[in-house]
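Printed here is my_file25.pdb (PDB, C-alpha atoms, pLDDT in the B column):
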```
ATOM      1  CA  MET D   1      25.763  66.269 -72.740  1.00 44.00           C
ATOM      2  CA  ARG D   2      28.170  64.133 -74.833  1.00 46.00           C
ATOM      3  CA  VAL D   3      30.763  64.368 -72.046  1.00 46.00           C
ATOM      4  CA  LEU D   4      28.280  63.925 -69.198  1.00 45.00           C
ATOM      5  CA  LEU D   5      26.623  60.687 -70.411  1.00 43.00           C
ATOM      6  CA  PRO D   6      29.825  58.570 -70.543  1.00 46.00           C
ATOM      7  CA  VAL D   7      30.882  59.913 -67.138  1.00 44.00           C
ATOM      8  CA  LEU D   8      27.506  59.028 -65.608  1.00 44.00           C
ATOM      9  CA  VAL D   9      27.573  55.536 -67.149  1.00 42.00           C
ATOM     10  CA  ALA D  10      31.084  54.917 -65.818  1.00 47.00           C
ATOM     11  CA  MET D  11      30.174  56.283 -62.366  1.00 46.00           C
ATOM     12  CA  LEU D  12      27.161  53.959 -62.179  1.00 42.00           C
ATOM     13  CA  ALA D  13      29.305  51.015 -63.250  1.00 45.00           C
ATOM     14  CA  LEU D  14      31.895  51.777 -60.553  1.00 44.00           C
ATOM     15  CA  LEU D  15      29.283  52.346 -57.864  1.00 43.00           C
ATOM     16  CA  GLY D  16      27.526  49.132 -58.872  1.00 46.00           C
ATOM     17  CA  GLY D  17      30.745  47.275 -58.181  1.00 43.00           C
ATOM     18  CA  CYS D  18      30.905  45.697 -61.606  1.00 40.00           C
ATOM     19  CA  GLY D  19      33.973  47.695 -62.679  1.00 40.00           C
ATOM     20  CA  SER D  20      32.959  47.952 -66.320  1.00 37.00           C
ATOM     21  CA  ALA D  21      30.234  49.551 -68.355  1.00 36.00           C
ATOM     22  CA  PRO D  22      27.628  47.702 -70.411  1.00 37.00           C
ATOM     23  CA  ALA D  23      29.079  46.550 -73.744  1.00 37.00           C
ATOM     24  CA  ALA D  24      26.837  48.835 -75.792  1.00 35.00           C
ATOM     25  CA  THR D  25      28.268  52.040 -74.307  1.00 33.00           C
ATOM     26  CA  SER D  26      31.987  51.466 -74.941  1.00 34.00           C
ATOM     27  CA  VAL D  27      33.063  53.405 -71.844  1.00 40.00           C
ATOM     28  CA  ALA D  28      36.357  52.421 -70.274  1.00 44.00           C
ATOM     29  CA  LEU D  29      38.435  53.387 -67.268  1.00 46.00           C
ATOM     30  CA  THR D  30      41.934  54.001 -68.498  1.00 45.00           C
ATOM     31  CA  SER D  31      43.731  54.230 -65.186  1.00 46.00           C
ATOM     32  CA  THR D  32      46.719  51.927 -65.547  1.00 48.00           C
ATOM     33  CA  SER D  33      48.271  52.639 -62.176  1.00 50.00           C
ATOM     34  CA  ALA D  34      45.246  51.837 -60.002  1.00 49.00           C
ATOM     35  CA  PRO D  35      44.485  48.330 -58.775  1.00 49.00           C
ATOM     36  CA  PRO D  36      41.205  46.696 -59.815  1.00 51.00           C
ATOM     37  CA  ALA D  37      38.071  47.894 -57.995  1.00 52.00           C
ATOM     38  CA  THR D  38      37.828  44.573 -56.139  1.00 51.00           C
ATOM     39  CA  SER D  39      41.269  44.828 -54.511  1.00 58.00           C
ATOM     40  CA  ALA D  40      41.654  45.817 -50.877  1.00 59.00           C
ATOM     41  CA  PRO D  41      42.569  49.461 -50.400  1.00 56.00           C
ATOM     42  CA  PRO D  42      46.064  50.303 -49.188  1.00 57.00           C
ATOM     43  CA  VAL D  43      46.033  50.787 -45.447  1.00 82.00           C
ATOM     44  CA  PRO D  44      48.425  53.579 -44.568  1.00 83.00           C
ATOM     45  CA  PRO D  45      49.091  54.566 -40.951  1.00 81.00           C
ATOM     46  CA  ALA D  46      46.077  56.095 -39.184  1.00 86.00           C
ATOM     47  CA  GLY D  47      45.470  59.622 -40.420  1.00 88.00           C
ATOM     48  CA  ASP D  48      47.375  59.241 -43.711  1.00 94.00           C
ATOM     49  CA  VAL D  49      45.742  59.368 -47.157  1.00 97.00           C
ATOM     50  CA  VAL D  50      47.261  57.860 -50.321  1.00 96.00           C
ATOM     51  CA  VAL D  51      46.741  59.730 -53.620  1.00 97.00           C
ATOM     52  CA  SER D  52      47.020  57.290 -56.525  1.00 96.00           C
ATOM     53  CA  GLY D  53      45.894  56.611 -60.071  1.00 96.00           C
ATOM     54  CA  ASP D  54      45.958  59.102 -62.916  1.00 96.00           C
ATOM     55  CA  VAL D  55      48.037  61.748 -61.163  1.00 96.00           C
ATOM     56  CA  ARG D  56      51.354  63.251 -62.155  1.00 96.00           C
ATOM     57  CA  GLU D  57      52.983  62.088 -58.902  1.00 96.00           C
ATOM     58  CA  PRO D  58      51.364  59.616 -56.503  1.00 96.00           C
ATOM     59  CA  ARG D  59      51.948  60.498 -52.869  1.00 96.00           C
ATOM     60  CA  THR D  60      50.857  59.908 -49.318  1.00 96.00           C
ATOM     61  CA  TRP D  61      49.572  62.828 -47.276  1.00 97.00           C
ATOM     62  CA  THR D  62      50.345  62.346 -43.586  1.00 96.00           C
ATOM     63  CA  ARG D  63      48.065  63.726 -40.894  1.00 95.00           C
ATOM     64  CA  SER D  64      50.656  66.429 -40.181  1.00 96.00           C
ATOM     65  CA  ASP D  65      50.839  67.296 -43.921  1.00 97.00           C
ATOM     66  CA  LEU D  66      47.045  67.668 -43.993  1.00 97.00           C
ATOM     67  CA  ALA D  67      46.985  69.676 -40.762  1.00 96.00           C
ATOM     68  CA  ALA D  68      49.604  72.080 -42.186  1.00 97.00           C
ATOM     69  CA  LEU D  69      47.341  73.023 -45.115  1.00 97.00           C
ATOM     70  CA  PRO D  70      44.742  75.817 -44.822  1.00 96.00           C
ATOM     71  CA  GLN D  71      41.843  74.567 -42.679  1.00 97.00           C
ATOM     72  CA  THR D  72      38.164  75.201 -43.326  1.00 97.00           C
ATOM     73  CA  THR D  73      35.199  74.620 -41.028  1.00 98.00           C
ATOM     74  CA  ILE D  74      31.819  73.765 -42.545  1.00 97.00           C
ATOM     75  CA  GLU D  75      28.376  72.886 -41.229  1.00 97.00           C
ATOM     76  CA  VAL D  76      26.762  69.967 -43.064  1.00 97.00           C
ATOM     77  CA  ARG D  77      23.315  68.395 -43.012  1.00 96.00           C
ATOM     78  CA  TYR D  78      22.394  65.122 -44.686  1.00 96.00           C
ATOM     79  CA  GLU D  79      20.186  62.073 -44.318  1.00 95.00           C
ATOM     80  CA  SER D  80      21.663  58.758 -43.215  1.00 93.00           C
ATOM     81  CA  GLY D  81      20.441  55.324 -42.185  1.00 93.00           C
ATOM     82  CA  GLN D  82      20.322  56.711 -38.631  1.00 93.00           C
ATOM     83  CA  GLY D  83      18.176  59.695 -39.655  1.00 95.00           C
ATOM     84  CA  PRO D  84      19.041  63.362 -40.197  1.00 97.00           C
ATOM     85  CA  GLN D  85      22.628  64.315 -39.376  1.00 96.00           C
ATOM     86  CA  GLU D  86      24.057  67.744 -38.571  1.00 97.00           C
ATOM     87  CA  ARG D  87      27.812  67.986 -38.207  1.00 97.00           C
ATOM     88  CA  THR D  88      30.534  70.598 -37.937  1.00 98.00           C
ATOM     89  CA  LEU D  89      33.593  69.426 -39.864  1.00 98.00           C
ATOM     90  CA  THR D  90      37.044  70.990 -40.023  1.00 98.00           C
ATOM     91  CA  GLY D  91      39.712  69.988 -42.479  1.00 98.00           C
ATOM     92  CA  VAL D  92      41.368  70.744 -45.761  1.00 98.00           C
ATOM     93  CA  GLY D  93      39.661  71.357 -49.081  1.00 97.00           C
ATOM     94  CA  LEU D  94      39.984  68.486 -51.524  1.00 97.00           C
ATOM     95  CA  THR D  95      41.445  70.945 -54.054  1.00 95.00           C
ATOM     96  CA  GLU D  96      44.357  71.522 -51.655  1.00 96.00           C
ATOM     97  CA  VAL D  97      45.065  67.781 -51.500  1.00 96.00           C
ATOM     98  CA  LEU D  98      44.334  67.251 -55.184  1.00 96.00           C
ATOM     99  CA  PRO D  99      44.833  70.508 -57.130  1.00 94.00           C
ATOM    100  CA  PRO D 100      44.023  70.532 -60.855  1.00 94.00           C
ATOM    101  CA  ASP D 101      47.707  70.458 -61.834  1.00 93.00           C
ATOM    102  CA  ALA D 102      48.156  67.171 -59.903  1.00 95.00           C
ATOM    103  CA  LEU D 103      45.971  65.303 -62.418  1.00 94.00           C
ATOM    104  CA  ALA D 104      47.588  63.663 -65.454  1.00 93.00           C
ATOM    105  CA  THR D 105      45.783  65.944 -67.912  1.00 93.00           C
ATOM    106  CA  THR D 106      46.409  66.517 -71.601  1.00 92.00           C
ATOM    107  CA  ASP D 107      45.869  69.580 -73.767  1.00 91.00           C
ATOM    108  CA  ALA D 108      42.313  68.439 -74.595  1.00 92.00           C
ATOM    109  CA  LYS D 109      39.609  71.043 -74.046  1.00 93.00           C
ATOM    110  CA  ASN D 110      38.374  70.963 -70.416  1.00 92.00           C
ATOM    111  CA  ASP D 111      40.300  67.727 -69.802  1.00 93.00           C
ATOM    112  CA  LEU D 112      39.707  68.031 -66.022  1.00 91.00           C
ATOM    113  CA  LEU D 113      36.109  67.016 -66.740  1.00 94.00           C
ATOM    114  CA  SER D 114      37.368  63.580 -67.856  1.00 95.00           C
ATOM    115  CA  PHE D 115      38.433  62.631 -64.318  1.00 96.00           C
ATOM    116  CA  GLY D 116      36.779  61.208 -61.255  1.00 97.00           C
ATOM    117  CA  VAL D 117      38.048  60.799 -57.712  1.00 97.00           C
ATOM    118  CA  LEU D 118      37.259  57.486 -56.049  1.00 98.00           C
ATOM    119  CA  ALA D 119      37.406  57.947 -52.282  1.00 98.00           C
ATOM    120  CA  VAL D 120      38.176  54.661 -50.510  1.00 97.00           C
ATOM    121  CA  GLY D 121      37.628  53.944 -46.826  1.00 97.00           C
ATOM    122  CA  GLU D 122      39.622  51.549 -44.680  1.00 96.00           C
ATOM    123  CA  ASP D 123      36.697  49.084 -44.902  1.00 95.00           C
ATOM    124  CA  ALA D 124      36.856  49.291 -48.759  1.00 95.00           C
ATOM    125  CA  TYR D 125      33.711  51.474 -48.914  1.00 97.00           C
ATOM    126  CA  ARG D 126      33.972  53.581 -52.064  1.00 97.00           C
ATOM    127  CA  ALA D 127      32.302  56.691 -53.421  1.00 98.00           C
ATOM    128  CA  LEU D 128      33.036  58.499 -56.672  1.00 97.00           C
ATOM    129  CA  VAL D 129      32.899  62.235 -57.324  1.00 97.00           C
ATOM    130  CA  SER D 130      33.596  63.863 -60.654  1.00 96.00           C
ATOM    131  CA  TYR D 131      36.548  66.225 -60.697  1.00 96.00           C
ATOM    132  CA  GLY D 132      34.203  68.764 -62.270  1.00 94.00           C
ATOM    133  CA  GLU D 133      32.414  68.951 -58.893  1.00 94.00           C
ATOM    134  CA  VAL D 134      35.735  69.463 -57.110  1.00 92.00           C
ATOM    135  CA  SER D 135      37.436  71.936 -59.470  1.00 93.00           C
ATOM    136  CA  PRO D 136      37.302  75.608 -58.510  1.00 91.00           C
ATOM    137  CA  ASP D 137      36.836  76.368 -62.223  1.00 91.00           C
ATOM    138  CA  PHE D 138      33.680  74.251 -62.547  1.00 94.00           C
ATOM    139  CA  GLY D 139      31.480  72.941 -59.687  1.00 94.00           C
ATOM    140  CA  ASN D 140      33.593  74.299 -56.823  1.00 93.00           C
ATOM    141  CA  ARG D 141      31.461  72.279 -54.363  1.00 94.00           C
ATOM    142  CA  GLY D 142      33.855  72.681 -51.449  1.00 94.00           C
ATOM    143  CA  LEU D 143      34.528  68.993 -50.826  1.00 97.00           C
ATOM    144  CA  LEU D 144      36.492  68.571 -47.625  1.00 97.00           C
ATOM    145  CA  VAL D 145      38.968  66.072 -46.210  1.00 98.00           C
ATOM    146  CA  ALA D 146      37.800  66.448 -42.626  1.00 98.00           C
ATOM    147  CA  LEU D 147      40.210  65.950 -39.739  1.00 98.00           C
ATOM    148  CA  THR D 148      37.739  66.802 -36.967  1.00 97.00           C
ATOM    149  CA  GLU D 149      34.014  66.277 -36.493  1.00 97.00           C
ATOM    150  CA  ASP D 150      32.048  68.292 -33.943  1.00 97.00           C
ATOM    151  CA  GLY D 151      35.332  69.464 -32.406  1.00 96.00           C
ATOM    152  CA  LYS D 152      36.781  65.964 -31.929  1.00 97.00           C
ATOM    153  CA  ALA D 153      39.789  64.691 -33.873  1.00 97.00           C
ATOM    154  CA  LEU D 154      38.977  61.826 -36.230  1.00 97.00           C
ATOM    155  CA  GLU D 155      41.302  58.811 -36.140  1.00 96.00           C
ATOM    156  CA  ARG D 156      41.230  58.792 -39.947  1.00 97.00           C
ATOM    157  CA  PRO D 157      40.098  61.633 -42.220  1.00 98.00           C
ATOM    158  CA  ARG D 158      36.607  61.685 -43.699  1.00 98.00           C
ATOM    159  CA  LEU D 159      35.595  62.899 -47.145  1.00 98.00           C
ATOM    160  CA  ALA D 160      32.664  65.315 -46.864  1.00 97.00           C
ATOM    161  CA  VAL D 161      30.471  66.270 -49.823  1.00 97.00           C
ATOM    162  CA  PRO D 162      28.550  69.387 -48.733  1.00 96.00           C
ATOM    163  CA  GLY D 163      25.187  69.823 -50.383  1.00 94.00           C
ATOM    164  CA  ASP D 164      24.465  66.112 -50.869  1.00 95.00           C
ATOM    165  CA  VAL D 165      20.982  65.226 -49.621  1.00 96.00           C
ATOM    166  CA  LYS D 166      22.112  61.801 -48.408  1.00 96.00           C
ATOM    167  CA  GLY D 167      25.468  61.026 -46.810  1.00 95.00           C
ATOM    168  CA  GLY D 168      26.386  58.104 -49.084  1.00 95.00           C
ATOM    169  CA  ARG D 169      29.357  59.914 -50.613  1.00 96.00           C
ATOM    170  CA  TYR D 170      30.760  60.845 -47.200  1.00 97.00           C
ATOM    171  CA  VAL D 171      33.606  58.348 -46.833  1.00 97.00           C
ATOM    172  CA  SER D 172      34.671  57.669 -43.265  1.00 96.00           C
ATOM    173  CA  ASP D 173      38.111  56.318 -42.374  1.00 97.00           C
ATOM    174  CA  LEU D 174      39.516  57.631 -45.665  1.00 97.00           C
ATOM    175  CA  VAL D 175      42.703  55.848 -46.762  1.00 97.00           C
ATOM    176  CA  GLU D 176      42.895  56.557 -50.508  1.00 97.00           C
ATOM    177  CA  LEU D 177      41.919  59.103 -53.132  1.00 97.00           C
ATOM    178  CA  ARG D 178      42.211  57.231 -56.424  1.00 97.00           C
ATOM    179  CA  VAL D 179      42.059  59.460 -59.506  1.00 97.00           C
ATOM    180  CA  VAL D 180      40.562  57.794 -62.584  1.00 97.00           C
ATOM    181  CA  ARG D 181      40.297  59.039 -66.138  1.00 95.00           C
ATOM    182  CA  ILE D 182      36.987  58.217 -67.771  1.00 90.00           C
ATOM    183  CA  ALA D 183      37.353  57.773 -71.536  1.00 75.00           C
ATOM    184  CA  GLY D 184      34.742  57.121 -74.184  1.00 52.00           C
TER     185      GLY D 184
END
```
Could you show the structure in this file as structure tokens?
Amino acid sequence: MRVLLPVLVAMLALLGGCGSAPAATSVALTSTSAPPATSAPPVPPAGDVVVSGDVREPRTWTRSDLAALPQTTIEVRYESGQGPQERTLTGVGLTEVLPPDALATTDAKNDLLSFGVLAVGEDAYRALVSYGEVSPDFGNRGLLVALTEDGKALERPRLAVPGDVKGGRYVSDLVELRVVRIAG
């Protein structure tokens, strides 16, 4: 619970758009390579996704790079502002794009649990997932960087979060996966 509370506080602060936690909690984002939350996302060519932040080596995945990775097809159901949605998505698992060894971890016990992945859309829409949800050693939720939806190619990839009741963490027109270390 000691690890979970600071992560939840930081996630709420990021999602609230304020970029910092209340003074009483002393939670800080220590990503030094990521731009402030209010900056415009990088806009790579259509289909490309930038991996930035607290990673060992920042990189840009091109559409052809993503298409060359093992593909998975999933059926998802979630609620949206337009009502219930049912989609068939095909793409690459987020752990293929962002494997555990890509994160700038230390020797601290379960250090992967100190990271979040901020998915950023071309329109600057953002959603945060904890790396614990992504990691095959912990949540193993099967998050997907979708390249097709219902059999049609997407112009830009879409982050899919299977199992979410609402589709708020599905990020359309994905342009960046920003890794952030949450420290307390």
Range 89-104 of chain D environment, 8 Å, all atoms listed in the file, sequence neighbours closer than 4 positions dropped, as an MDAnalysis selection string: chainID D and resid 54:57 61 66:67 69:76 112 134:136 142:151 179
Result set, the PyMOL selection byres ((chain D and resi 116-131) around 7) on current file, as JSON, numbers by chain: {"D": [11, 15, 40, 41, 43, 112, 113, 115, 132, 133, 134, 135, 169, 171, 172, 173, 174, 175, 176, 177, 178, 179, 180, 181]}
Selection export as a short mmCIF file (atom, residue, chain, number, x, y, z; two decimals), in the coordinates of the input, atoms kept: C-alpha atoms:
```
data_model
loop_
_atom_site.label_atom_id
_atom_site.label_comp_id
_atom_site.auth_asym_id
_atom_site.auth_seq_id
_atom_site.Cartn_x
_atom_site.Cartn_y
_atom_site.Cartn_z
CA MET D 11 30.17 56.28 -62.37
CA LEU D 15 29.28 52.35 -57.86
CA ALA D 40 41.65 45.82 -50.88
CA PRO D 41 42.57 49.46 -50.40
CA VAL D 43 46.03 50.79 -45.45
CA LEU D 112 39.71 68.03 -66.02
CA LEU D 113 36.11 67.02 -66.74
CA PHE D 115 38.43 62.63 -64.32
CA GLY D 132 34.20 68.76 -62.27
CA GLU D 133 32.41 68.95 -58.89
CA VAL D 134 35.74 69.46 -57.11
CA SER D 135 37.44 71.94 -59.47
CA ARG D 169 29.36 59.91 -50.61
CA VAL D 171 33.61 58.35 -46.83
CA SER D 172 34.67 57.67 -43.26
CA ASP D 173 38.11 56.32 -42.37
CA LEU D 174 39.52 57.63 -45.66
CA VAL D 175 42.70 55.85 -46.76
CA GLU D 176 42.90 56.56 -50.51
CA LEU D 177 41.92 59.10 -53.13
CA ARG D 178 42.21 57.23 -56.42
CA VAL D 179 42.06 59.46 -59.51
CA VAL D 180 40.56 57.79 -62.58
CA ARG D 181 40.30 59.04 -66.14
#
```
All residues 12 Å or closer to range 78-86 of chain D, only C-alpha atoms, same chain fewer than 5 positions away omitted, as a PyMOL selection string: chain D and resi 149-150+160-170
CA of Pro58 in chain D to CA of Pro45 in chain D, straight-line distance in Å: 16.5 Å
Using only the atoms of range 155-167 of chain D listed in the file, plus 5 Å on each side, state the axis-aligned box centre and edge lengths in Å rounded to one decimal, as AutoDock Vina command-line options.
```
--center_x 31.1 --center_y 64.3 --center_z -43.5 --size_x 30.3 --size_y 21.0 --size_z 24.7
```
Pick from D:Ala153, D:Arg77, D:Asn140, D:Gly47 nearest to Ser64 in chain D, counting all atoms listed in the file: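 Between D:Ala153, D:Arg77, D:Asn140, D:Gly47, the residue approaching Ser64 in chain D most closely is D:Gly47.
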